[in-house]
Structures are given as structure tokens and as C-alpha cells.
>>> print(open('input-v7.cif').read())   # mmCIF, C-alpha atoms
data_upload
loop_
_atom_site.group_PDB
_atom_site.id
_atom_site.type_symbol
_atom_site.label_atom_id
_atom_site.label_comp_id
_atom_site.auth_asym_id
_atom_site.auth_seq_id
_atom_site.Cartn_x
_atom_site.Cartn_y
_atom_site.Cartn_z
ATOM 1 C CA MET F 1 7.061 -36.500 22.702
ATOM 2 C CA THR F 2 6.501 -34.956 19.295
ATOM 3 C CA THR F 3 6.276 -31.309 18.534
ATOM 4 C CA SER F 4 3.525 -30.250 16.200
ATOM 5 C CA SER F 5 3.915 -27.427 13.759
ATOM 6 C CA VAL F 6 1.412 -25.385 15.751
ATOM 7 C CA ASN F 7 3.706 -25.266 18.789
ATOM 8 C CA ARG F 8 6.809 -24.197 16.905
ATOM 9 C CA PRO F 9 7.586 -20.482 17.032
ATOM 10 C CA GLY F 10 7.027 -18.808 13.697
ATOM 11 C CA ALA F 11 5.023 -21.668 12.192
ATOM 12 C CA GLY F 12 2.234 -20.333 10.031
ATOM 13 C CA SER F 13 3.779 -16.884 9.894
ATOM 14 C CA ALA F 14 4.409 -15.186 6.589
ATOM 15 C CA ASP F 15 7.530 -13.456 7.907
ATOM 16 C CA ARG F 16 10.485 -14.463 5.831
ATOM 17 C CA GLY F 17 13.603 -15.422 7.626
ATOM 18 C CA PRO F 18 17.044 -16.279 6.361
ATOM 19 C CA GLY F 19 15.994 -19.845 5.574
ATOM 20 C CA ARG F 20 12.652 -19.087 3.954
ATOM 21 C CA PRO F 21 12.528 -18.095 0.298
ATOM 22 C CA ALA F 22 10.272 -15.455 -1.195
ATOM 23 C CA GLN F 23 6.642 -16.533 -0.873
ATOM 24 C CA SER F 24 4.615 -14.340 -3.185
ATOM 25 C CA GLY F 25 4.711 -13.952 -6.925
ATOM 26 C CA TRP F 26 5.217 -10.199 -6.523
ATOM 27 C CA THR F 27 8.404 -10.766 -4.552
ATOM 28 C CA VAL F 28 9.720 -13.235 -7.125
ATOM 29 C CA LEU F 29 8.880 -10.756 -9.915
ATOM 30 C CA ALA F 30 10.652 -7.971 -8.035
ATOM 31 C CA ALA F 31 13.755 -10.095 -7.427
ATOM 32 C CA SER F 32 13.867 -11.125 -11.096
ATOM 33 C CA LEU F 33 13.520 -7.514 -12.232
ATOM 34 C CA MET F 34 16.190 -6.440 -9.747
ATOM 35 C CA ILE F 35 18.673 -8.942 -11.151
ATOM 36 C CA PHE F 36 17.782 -8.077 -14.762
ATOM 37 C CA GLY F 37 17.780 -4.300 -14.199
ATOM 38 C CA GLY F 38 21.006 -4.511 -12.210
ATOM 39 C CA ALA F 39 22.702 -6.522 -14.948
ATOM 40 C CA MET F 40 21.602 -3.978 -17.547
ATOM 41 C CA ALA F 41 22.934 -1.140 -15.372
ATOM 42 C CA ILE F 42 26.228 -3.025 -15.039
ATOM 43 C CA PHE F 43 26.500 -3.335 -18.832
ATOM 44 C CA GLU F 44 25.571 0.339 -19.180
ATOM 45 C CA GLY F 45 28.264 1.287 -16.670
ATOM 46 C CA ILE F 46 30.939 -0.843 -18.315
ATOM 47 C CA SER F 47 30.063 0.623 -21.705
ATOM 48 C CA ALA F 48 30.271 4.179 -20.351
ATOM 49 C CA ILE F 49 33.577 3.516 -18.567
ATOM 50 C CA ALA F 50 35.013 2.139 -21.814
ATOM 51 C CA LYS F 51 33.874 5.375 -23.538
ATOM 52 C CA ASP F 52 31.826 3.510 -26.089
ATOM 53 C CA ASP F 53 30.734 5.399 -29.194
ATOM 54 C CA LEU F 54 27.156 4.529 -28.438
ATOM 55 C CA PHE F 55 26.550 7.455 -26.151
ATOM 56 C CA LEU F 56 25.726 10.989 -27.130
ATOM 57 C CA VAL F 57 27.698 13.479 -25.069
ATOM 58 C CA THR F 58 25.822 16.742 -24.594
ATOM 59 C CA ARG F 59 27.605 19.996 -23.847
ATOM 60 C CA HIS F 60 25.134 22.136 -21.942
ATOM 61 C CA TYR F 61 23.412 19.645 -19.673
ATOM 62 C CA VAL F 62 22.666 20.750 -16.125
ATOM 63 C CA PHE F 63 24.061 17.606 -14.459
ATOM 64 C CA GLN F 64 27.452 17.384 -16.092
ATOM 65 C CA PHE F 65 29.615 14.445 -15.117
ATOM 66 C CA SER F 66 32.151 12.837 -17.333
ATOM 67 C CA LEU F 67 30.990 9.744 -19.159
ATOM 68 C CA THR F 68 33.360 7.717 -16.999
ATOM 69 C CA GLY F 69 31.819 9.185 -13.823
ATOM 70 C CA TRP F 70 28.328 8.221 -14.958
ATOM 71 C CA GLY F 71 29.670 4.770 -15.834
ATOM 72 C CA TRP F 72 30.958 4.211 -12.310
ATOM 73 C CA ILE F 73 27.657 5.379 -10.815
ATOM 74 C CA HIS F 74 25.665 2.932 -12.960
ATOM 75 C CA LEU F 75 28.140 0.118 -12.386
ATOM 76 C CA ILE F 76 27.997 0.442 -8.592
ATOM 77 C CA LEU F 77 24.191 0.794 -8.513
ATOM 78 C CA GLY F 78 23.869 -2.219 -10.814
ATOM 79 C CA ILE F 79 26.098 -4.424 -8.653
ATOM 80 C CA VAL F 80 24.241 -3.441 -5.492
ATOM 81 C CA LEU F 81 20.866 -4.046 -7.183
ATOM 82 C CA VAL F 82 21.903 -7.551 -8.330
ATOM 83 C CA ILE F 83 23.123 -8.424 -4.822
ATOM 84 C CA ALA F 84 19.888 -7.140 -3.277
ATOM 85 C CA GLY F 85 17.853 -9.098 -5.855
ATOM 86 C CA CYS F 86 19.668 -12.311 -4.928
ATOM 87 C CA ALA F 87 19.008 -11.562 -1.245
ATOM 88 C CA VAL F 88 15.283 -11.062 -1.987
ATOM 89 C CA PHE F 89 15.242 -14.482 -3.666
ATOM 90 C CA GLY F 90 16.899 -15.859 -0.528
ATOM 91 C CA GLY F 91 14.130 -14.491 1.664
ATOM 92 C CA ALA F 92 15.829 -11.563 3.405
ATOM 93 C CA VAL F 93 13.243 -8.972 4.421
ATOM 94 C CA TRP F 94 15.876 -6.234 4.715
ATOM 95 C CA ALA F 95 16.651 -6.719 1.024
ATOM 96 C CA SER F 96 13.100 -5.740 0.075
ATOM 97 C CA TYR F 97 13.386 -2.405 1.849
ATOM 98 C CA PHE F 98 16.933 -1.910 0.598
ATOM 99 C CA GLY F 99 15.790 -2.820 -2.937
ATOM 100 C CA VAL F 100 13.148 -0.083 -2.876
ATOM 101 C CA ALA F 101 15.804 2.467 -1.938
ATOM 102 C CA ILE F 102 18.340 1.270 -4.520
ATOM 103 C CA ALA F 103 15.707 1.062 -7.283
ATOM 104 C CA GLY F 104 14.697 4.643 -6.426
ATOM 105 C CA LEU F 105 18.314 5.768 -6.717
ATOM 106 C CA GLY F 106 18.592 3.845 -9.991
ATOM 107 C CA ALA F 107 15.511 5.611 -11.366
ATOM 108 C CA ILE F 108 16.969 8.996 -10.404
ATOM 109 C CA ALA F 109 20.367 8.118 -11.940
ATOM 110 C CA ASN F 110 18.707 7.020 -15.172
ATOM 111 C CA PHE F 111 16.590 10.164 -15.244
ATOM 112 C CA LEU F 112 19.786 12.204 -15.068
ATOM 113 C CA TRP F 113 21.251 9.891 -17.734
ATOM 114 C CA LEU F 114 18.465 10.688 -20.253
ATOM 115 C CA PRO F 115 20.541 13.023 -22.501
ATOM 116 C CA TYR F 116 23.234 10.364 -22.969
ATOM 117 C CA TYR F 117 21.016 7.456 -24.026
ATOM 118 C CA PRO F 118 17.308 8.422 -23.910
ATOM 119 C CA ILE F 119 15.583 5.184 -24.914
ATOM 120 C CA TRP F 120 17.667 2.905 -22.720
ATOM 121 C CA ALA F 121 17.396 5.282 -19.761
ATOM 122 C CA THR F 122 13.598 5.355 -20.150
ATOM 123 C CA VAL F 123 13.468 1.538 -20.197
ATOM 124 C CA LEU F 124 15.575 1.306 -17.031
ATOM 125 C CA ILE F 125 13.472 3.980 -15.309
ATOM 126 C CA ALA F 126 10.376 1.884 -16.042
ATOM 127 C CA ILE F 127 12.083 -1.287 -14.760
ATOM 128 C CA ASN F 128 13.102 0.496 -11.557
ATOM 129 C CA PHE F 129 9.536 1.707 -11.001
ATOM 130 C CA PHE F 130 8.238 -1.836 -11.563
ATOM 131 C CA ILE F 131 10.781 -3.095 -9.016
ATOM 132 C CA ILE F 132 9.533 -0.593 -6.429
ATOM 133 C CA TRP F 133 5.900 -1.448 -7.164
ATOM 134 C CA ALA F 134 6.462 -5.232 -7.061
ATOM 135 C CA LEU F 135 8.495 -5.063 -3.841
ATOM 136 C CA CYS F 136 5.851 -2.956 -2.110
ATOM 137 C CA ALA F 137 3.026 -5.178 -3.390
ATOM 138 C CA GLY F 138 4.930 -8.299 -2.303
ATOM 139 C CA LEU F 139 5.525 -6.961 1.194
ATOM 140 C CA HIS F 140 1.868 -5.966 1.453
ATOM 141 C CA HIS F 141 0.686 -9.361 0.171
ATOM 142 C CA GLU F 142 2.949 -11.311 2.544
ATOM 143 C CA ALA F 143 1.849 -9.143 5.479
ATOM 144 C CA ASP F 144 -1.777 -9.936 4.614
ATOM 145 C CA LEU F 145 -0.966 -13.651 4.537
ATOM 146 C CA GLY F 146 0.672 -13.352 7.959
ATOM 147 C CA THR F 147 -2.399 -11.784 9.553
ATOM 148 C CA LYS F 148 -4.731 -14.407 8.022
ATOM 149 C CA ARG F 149 -2.606 -17.321 9.271
ATOM 150 C CA ALA F 150 -1.946 -15.990 12.745
#
>>> encode(input="input-v7.cif", output="C-alpha cells")
Amino acid sequence: MTTSSVNRPGAGSADRGPGRPAQSGWTVLAASLMIFGGAMAIFEGISAIAKDDLFLVTRHYVFQFSLTGWGWIHLILGIVLVIAGCAVFGGAVWASYFGVAIAGLGAIANFLWLPYYPIWATVLIAINFFIIWALCAGLHHEADLGTKRA
């Protein structure tokens, strides 16, 4: 007795499980941007922790942290964003939702980082917004595929 793919539970569904990789181009784009943006945040954090001469330290900024404090914030957010990006590539649905939240926090952190390195912070804000957009578009696209196949 053979089992056809129609009788298997979950066959034809667009829901990603642990063994199913990302299915849409938007999700792959989001995962790639998450890994790239996370790596750049890691480098930014390491540079700030090392007190690199690259950064401009302002005196009367509303959100005053030490350069080392900002470095640790960016380092931790970057590591978490890279891990979530790898999980999105692996097909974990939770990572898409988690990635939206972490990319939002990354955008806020880079907005507060603007006085220290304005051009780089603006680039990372844009990358974080593209991550959010691509993750939401990917989830929407895969949900549409699931309703058409079911």
C-alpha cells in the first residue's frame, strides 16, 4: 500500500516547518539582509567597544550612553539578528516574527546612534526597514500560496 502525497498531512501547505526551507524570494531576501545587517551591527559594536577613533562623541545628546554601552547594545542586537536570519533560512516561522521585532529594535538603536556615526546609522536604519518589509511580504506571500494550494 503506497501513500500518495495528497494523503500526507501538511502536503501542499505553504506552512514552513523545521525541515522546510524558506519558500519565497521575499523570505530569502529578508534572511540575507538579516545576516548582512546583523554582521554590520556586530562590526559596529566591536568598533565602539574598542573605542575606535571613527566615532564622533557628542556632549549634549539626549540619549547619552558611553560609547562602550552603545557598542554592547549593537553587538548583542547584531548577534541576535544573525541567528534569527539563519533560522529564517532554515524555515522557522517563529524567526520571521522574531526578526521583525529585532529589526525594529535595531532601527530604533541606530536612530539613537545617529549623532555618533550619521551615515552608517542611516544605512542600517534603511536595511532594518527593508528586513521588516521583506519579512512581512514573505509571510503574506507564503500565506497566499497556502490558501491557493489547500
>>> closest_residue(input="input-v7.cif", among="F:Ile132, F:Cys86, F:Leu29, F:Leu77", to="F:Gly106", atoms="only C-alpha atoms")
F:Leu77
>>> atom_distance(input="input-v7.cif", atom1="atom CA of F:Ile46", atom2="atom CA of F:Ala95")
24.8 Å
>>> resolve_selection(input="input-v7.cif", expression="the PyMOL selection byres ((chain F and resi 40) around 10)", output="CSV table (one decimal) with C-alpha atoms, keeping the file's coordinate frame")
chain,number,residue,atom,x,y,z
F,34,MET,CA,16.2,-6.4,-9.7
F,35,ILE,CA,18.7,-8.9,-11.2
F,36,PHE,CA,17.8,-8.1,-14.8
F,37,GLY,CA,17.8,-4.3,-14.2
F,38,GLY,CA,21.0,-4.5,-12.2
F,39,ALA,CA,22.7,-6.5,-14.9
F,41,ALA,CA,22.9,-1.1,-15.4
F,42,ILE,CA,26.2,-3.0,-15.0
F,43,PHE,CA,26.5,-3.3,-18.8
F,44,GLU,CA,25.6,0.3,-19.2
F,45,GLY,CA,28.3,1.3,-16.7
F,46,ILE,CA,30.9,-0.8,-18.3
F,74,HIS,CA,25.7,2.9,-13.0
F,75,LEU,CA,28.1,0.1,-12.4
F,78,GLY,CA,23.9,-2.2,-10.8
F,79,ILE,CA,26.1,-4.4,-8.7
F,82,VAL,CA,21.9,-7.6,-8.3
F,120,TRP,CA,17.7,2.9,-22.7
F,124,LEU,CA,15.6,1.3,-17.0
>>> atom_distance(input="input-v7.cif", atom1="atom CA of F:Ala109", atom2="atom CA of F:Gly91")
27.1 Å
>>> residues_around(input="input-v7.cif", residues="F:Ala121", least_positions_apart="6", cutoff="9 Å", atoms="all atoms listed in the file", output="JSON, numbers by chain")
{"F": [107, 109, 110, 111, 112, 113, 114, 115]}
>>> resolve_selection(input="input-v7.cif", expression="the PyMOL selection byres ((chain F and resi 26) around 8)", output="ChimeraX atom specification")
/F:24-25,27-30,134-135,137-138
>>> atom_distance(input="input-v7.cif", atom1="atom CA of F:Cys136", atom2="atom CA of F:Leu33")
13.5 Å
>>> closest_residue(input="input-v7.cif", among="F:Ser47, F:Ser66, F:Asn128, F:Thr122", to="F:Ala31", atoms="all atoms listed in the file")
F:Asn128
>>> closest_residue(input="input-v7.cif", among="F:Pro118, F:Ile73, F:Ser32, F:Ile125", to="F:Ala87", atoms="all atoms listed in the file")
F:Ser32
>>> closest_residue(input="input-v7.cif", among="F:Trp70, F:Ile131, F:Tyr116, F:Ala126", to="F:Tyr97", atoms="only C-alpha atoms")
F:Ile131
>>> decode(input="input-v7.cif", residues="stretch 118-133 of chain F", atoms="all heavy atoms", output="PDB file, in the first residue's frame")
ATOM      1  N   PRO F 118      26.482  59.249  11.616  1.00  0.00           N
ATOM      2  CA  PRO F 118      25.208  59.503  10.933  1.00  0.00           C
ATOM      3  C   PRO F 118      24.988  58.718   9.640  1.00  0.00           C
ATOM      4  O   PRO F 118      23.900  58.195   9.430  1.00  0.00           O
ATOM      5  CB  PRO F 118      25.231  61.001  10.640  1.00  0.00           C
ATOM      6  CG  PRO F 118      26.445  61.547  11.267  1.00  0.00           C
ATOM      7  CD  PRO F 118      27.269  60.440  11.789  1.00  0.00           C
ATOM      8  N   ILE F 119      25.983  58.618   8.795  1.00  0.00           N
ATOM      9  CA  ILE F 119      25.767  57.940   7.511  1.00  0.00           C
ATOM     10  C   ILE F 119      25.575  56.443   7.714  1.00  0.00           C
ATOM     11  O   ILE F 119      24.655  55.838   7.158  1.00  0.00           O
ATOM     12  CB  ILE F 119      26.934  58.231   6.542  1.00  0.00           C
ATOM     13  CG1 ILE F 119      26.949  59.723   6.206  1.00  0.00           C
ATOM     14  CG2 ILE F 119      26.813  57.395   5.274  1.00  0.00           C
ATOM     15  CD1 ILE F 119      28.154  60.161   5.414  1.00  0.00           C
ATOM     16  N   TRP F 120      26.420  55.834   8.514  1.00  0.00           N
ATOM     17  CA  TRP F 120      26.308  54.402   8.752  1.00  0.00           C
ATOM     18  C   TRP F 120      25.014  54.063   9.488  1.00  0.00           C
ATOM     19  O   TRP F 120      24.381  53.045   9.185  1.00  0.00           O
ATOM     20  CB  TRP F 120      27.516  53.913   9.542  1.00  0.00           C
ATOM     21  CG  TRP F 120      27.588  52.429   9.567  1.00  0.00           C
ATOM     22  CD1 TRP F 120      27.472  51.629  10.647  1.00  0.00           C
ATOM     23  CD2 TRP F 120      27.755  51.574   8.444  1.00  0.00           C
ATOM     24  NE1 TRP F 120      27.558  50.319  10.281  1.00  0.00           N
ATOM     25  CE2 TRP F 120      27.738  50.260   8.924  1.00  0.00           C
ATOM     26  CE3 TRP F 120      27.905  51.787   7.081  1.00  0.00           C
ATOM     27  CZ2 TRP F 120      27.873  49.162   8.087  1.00  0.00           C
ATOM     28  CZ3 TRP F 120      28.042  50.695   6.256  1.00  0.00           C
ATOM     29  CH2 TRP F 120      28.029  49.402   6.759  1.00  0.00           C
ATOM     30  N   ALA F 121      24.611  54.883  10.423  1.00  0.00           N
ATOM     31  CA  ALA F 121      23.355  54.645  11.140  1.00  0.00           C
ATOM     32  C   ALA F 121      22.165  54.734  10.185  1.00  0.00           C
ATOM     33  O   ALA F 121      21.244  53.927  10.265  1.00  0.00           O
ATOM     34  CB  ALA F 121      23.199  55.646  12.277  1.00  0.00           C
ATOM     35  N   THR F 122      22.207  55.689   9.257  1.00  0.00           N
ATOM     36  CA  THR F 122      21.120  55.823   8.277  1.00  0.00           C
ATOM     37  C   THR F 122      21.053  54.598   7.370  1.00  0.00           C
ATOM     38  O   THR F 122      19.963  54.102   7.059  1.00  0.00           O
ATOM     39  CB  THR F 122      21.318  57.101   7.434  1.00  0.00           C
ATOM     40  OG1 THR F 122      21.419  58.219   8.321  1.00  0.00           O
ATOM     41  CG2 THR F 122      20.167  57.311   6.481  1.00  0.00           C
ATOM     42  N   VAL F 123      22.208  54.086   6.950  1.00  0.00           N
ATOM     43  CA  VAL F 123      22.236  52.881   6.113  1.00  0.00           C
ATOM     44  C   VAL F 123      21.645  51.693   6.862  1.00  0.00           C
ATOM     45  O   VAL F 123      20.828  50.931   6.325  1.00  0.00           O
ATOM     46  CB  VAL F 123      23.678  52.583   5.648  1.00  0.00           C
ATOM     47  CG1 VAL F 123      23.785  51.201   5.025  1.00  0.00           C
ATOM     48  CG2 VAL F 123      24.156  53.638   4.672  1.00  0.00           C
ATOM     49  N   LEU F 124      22.016  51.522   8.124  1.00  0.00           N
ATOM     50  CA  LEU F 124      21.493  50.391   8.900  1.00  0.00           C
ATOM     51  C   LEU F 124      20.011  50.559   9.231  1.00  0.00           C
ATOM     52  O   LEU F 124      19.294  49.563   9.327  1.00  0.00           O
ATOM     53  CB  LEU F 124      22.325  50.177  10.160  1.00  0.00           C
ATOM     54  CG  LEU F 124      23.694  49.543   9.906  1.00  0.00           C
ATOM     55  CD1 LEU F 124      24.474  49.425  11.193  1.00  0.00           C
ATOM     56  CD2 LEU F 124      23.555  48.192   9.248  1.00  0.00           C
ATOM     57  N   ILE F 125      19.545  51.784   9.397  1.00  0.00           N
ATOM     58  CA  ILE F 125      18.108  52.007   9.584  1.00  0.00           C
ATOM     59  C   ILE F 125      17.357  51.549   8.335  1.00  0.00           C
ATOM     60  O   ILE F 125      16.344  50.847   8.420  1.00  0.00           O
ATOM     61  CB  ILE F 125      17.810  53.488   9.896  1.00  0.00           C
ATOM     62  CG1 ILE F 125      18.295  53.848  11.296  1.00  0.00           C
ATOM     63  CG2 ILE F 125      16.315  53.782   9.771  1.00  0.00           C
ATOM     64  CD1 ILE F 125      18.273  55.342  11.586  1.00  0.00           C
ATOM     65  N   ALA F 126      17.871  51.919   7.164  1.00  0.00           N
ATOM     66  CA  ALA F 126      17.233  51.512   5.908  1.00  0.00           C
ATOM     67  C   ALA F 126      17.244  49.990   5.758  1.00  0.00           C
ATOM     68  O   ALA F 126      16.236  49.388   5.355  1.00  0.00           O
ATOM     69  CB  ALA F 126      17.936  52.173   4.726  1.00  0.00           C
ATOM     70  N   ILE F 127      18.358  49.344   6.084  1.00  0.00           N
ATOM     71  CA  ILE F 127      18.432  47.883   5.998  1.00  0.00           C
ATOM     72  C   ILE F 127      17.424  47.243   6.941  1.00  0.00           C
ATOM     73  O   ILE F 127      16.737  46.280   6.579  1.00  0.00           O
ATOM     74  CB  ILE F 127      19.867  47.394   6.285  1.00  0.00           C
ATOM     75  CG1 ILE F 127      20.772  47.743   5.102  1.00  0.00           C
ATOM     76  CG2 ILE F 127      19.905  45.894   6.549  1.00  0.00           C
ATOM     77  CD1 ILE F 127      22.235  47.463   5.339  1.00  0.00           C
ATOM     78  N   ASN F 128      17.299  47.771   8.156  1.00  0.00           N
ATOM     79  CA  ASN F 128      16.335  47.214   9.102  1.00  0.00           C
ATOM     80  C   ASN F 128      14.898  47.387   8.611  1.00  0.00           C
ATOM     81  O   ASN F 128      14.073  46.486   8.783  1.00  0.00           O
ATOM     82  CB  ASN F 128      16.515  47.849  10.484  1.00  0.00           C
ATOM     83  CG  ASN F 128      17.701  47.276  11.214  1.00  0.00           C
ATOM     84  OD1 ASN F 128      17.919  46.078  11.231  1.00  0.00           O
ATOM     85  ND2 ASN F 128      18.498  48.139  11.816  1.00  0.00           N
ATOM     86  N   PHE F 129      14.591  48.519   7.992  1.00  0.00           N
ATOM     87  CA  PHE F 129      13.248  48.693   7.434  1.00  0.00           C
ATOM     88  C   PHE F 129      13.008  47.749   6.263  1.00  0.00           C
ATOM     89  O   PHE F 129      11.906  47.215   6.115  1.00  0.00           O
ATOM     90  CB  PHE F 129      12.999  50.145   7.027  1.00  0.00           C
ATOM     91  CG  PHE F 129      12.663  51.036   8.175  1.00  0.00           C
ATOM     92  CD1 PHE F 129      13.243  52.292   8.284  1.00  0.00           C
ATOM     93  CD2 PHE F 129      11.782  50.645   9.166  1.00  0.00           C
ATOM     94  CE1 PHE F 129      12.942  53.126   9.356  1.00  0.00           C
ATOM     95  CE2 PHE F 129      11.477  51.457  10.235  1.00  0.00           C
ATOM     96  CZ  PHE F 129      12.055  52.702  10.326  1.00  0.00           C
ATOM     97  N   PHE F 130      14.023  47.507   5.430  1.00  0.00           N
ATOM     98  CA  PHE F 130      13.874  46.536   4.350  1.00  0.00           C
ATOM     99  C   PHE F 130      13.681  45.125   4.894  1.00  0.00           C
ATOM    100  O   PHE F 130      12.942  44.327   4.318  1.00  0.00           O
ATOM    101  CB  PHE F 130      15.075  46.572   3.405  1.00  0.00           C
ATOM    102  CG  PHE F 130      15.028  47.684   2.405  1.00  0.00           C
ATOM    103  CD1 PHE F 130      16.114  48.522   2.244  1.00  0.00           C
ATOM    104  CD2 PHE F 130      13.904  47.897   1.613  1.00  0.00           C
ATOM    105  CE1 PHE F 130      16.093  49.559   1.319  1.00  0.00           C
ATOM    106  CE2 PHE F 130      13.865  48.923   0.690  1.00  0.00           C
ATOM    107  CZ  PHE F 130      14.953  49.760   0.545  1.00  0.00           C
ATOM    108  N   ILE F 131      14.342  44.795   5.990  1.00  0.00           N
ATOM    109  CA  ILE F 131      14.158  43.489   6.625  1.00  0.00           C
ATOM    110  C   ILE F 131      12.707  43.331   7.065  1.00  0.00           C
ATOM    111  O   ILE F 131      12.073  42.303   6.797  1.00  0.00           O
ATOM    112  CB  ILE F 131      15.114  43.321   7.828  1.00  0.00           C
ATOM    113  CG1 ILE F 131      16.551  43.177   7.356  1.00  0.00           C
ATOM    114  CG2 ILE F 131      14.709  42.129   8.690  1.00  0.00           C
ATOM    115  CD1 ILE F 131      17.584  43.274   8.471  1.00  0.00           C
ATOM    116  N   ILE F 132      12.180  44.338   7.746  1.00  0.00           N
ATOM    117  CA  ILE F 132      10.786  44.274   8.213  1.00  0.00           C
ATOM    118  C   ILE F 132       9.846  44.125   7.029  1.00  0.00           C
ATOM    119  O   ILE F 132       8.940  43.281   7.038  1.00  0.00           O
ATOM    120  CB  ILE F 132      10.450  45.516   9.058  1.00  0.00           C
ATOM    121  CG1 ILE F 132      11.256  45.513  10.357  1.00  0.00           C
ATOM    122  CG2 ILE F 132       8.953  45.590   9.348  1.00  0.00           C
ATOM    123  CD1 ILE F 132      11.211  46.812  11.136  1.00  0.00           C
ATOM    124  N   TRP F 133      10.053  44.927   5.991  1.00  0.00           N
ATOM    125  CA  TRP F 133       9.182  44.882   4.818  1.00  0.00           C
ATOM    126  C   TRP F 133       9.259  43.512   4.131  1.00  0.00           C
ATOM    127  O   TRP F 133       8.231  42.923   3.784  1.00  0.00           O
ATOM    128  CB  TRP F 133       9.579  45.996   3.860  1.00  0.00           C
ATOM    129  CG  TRP F 133       8.859  45.962   2.563  1.00  0.00           C
ATOM    130  CD1 TRP F 133       7.538  46.193   2.349  1.00  0.00           C
ATOM    131  CD2 TRP F 133       9.425  45.656   1.295  1.00  0.00           C
ATOM    132  NE1 TRP F 133       7.254  46.067   1.020  1.00  0.00           N
ATOM    133  CE2 TRP F 133       8.401  45.737   0.346  1.00  0.00           C
ATOM    134  CE3 TRP F 133      10.711  45.340   0.880  1.00  0.00           C
ATOM    135  CZ2 TRP F 133       8.616  45.497  -0.998  1.00  0.00           C
ATOM    136  CZ3 TRP F 133      10.917  45.110  -0.457  1.00  0.00           C
ATOM    137  CH2 TRP F 133       9.878  45.185  -1.376  1.00  0.00           C
TER     138      TRP F 133
END
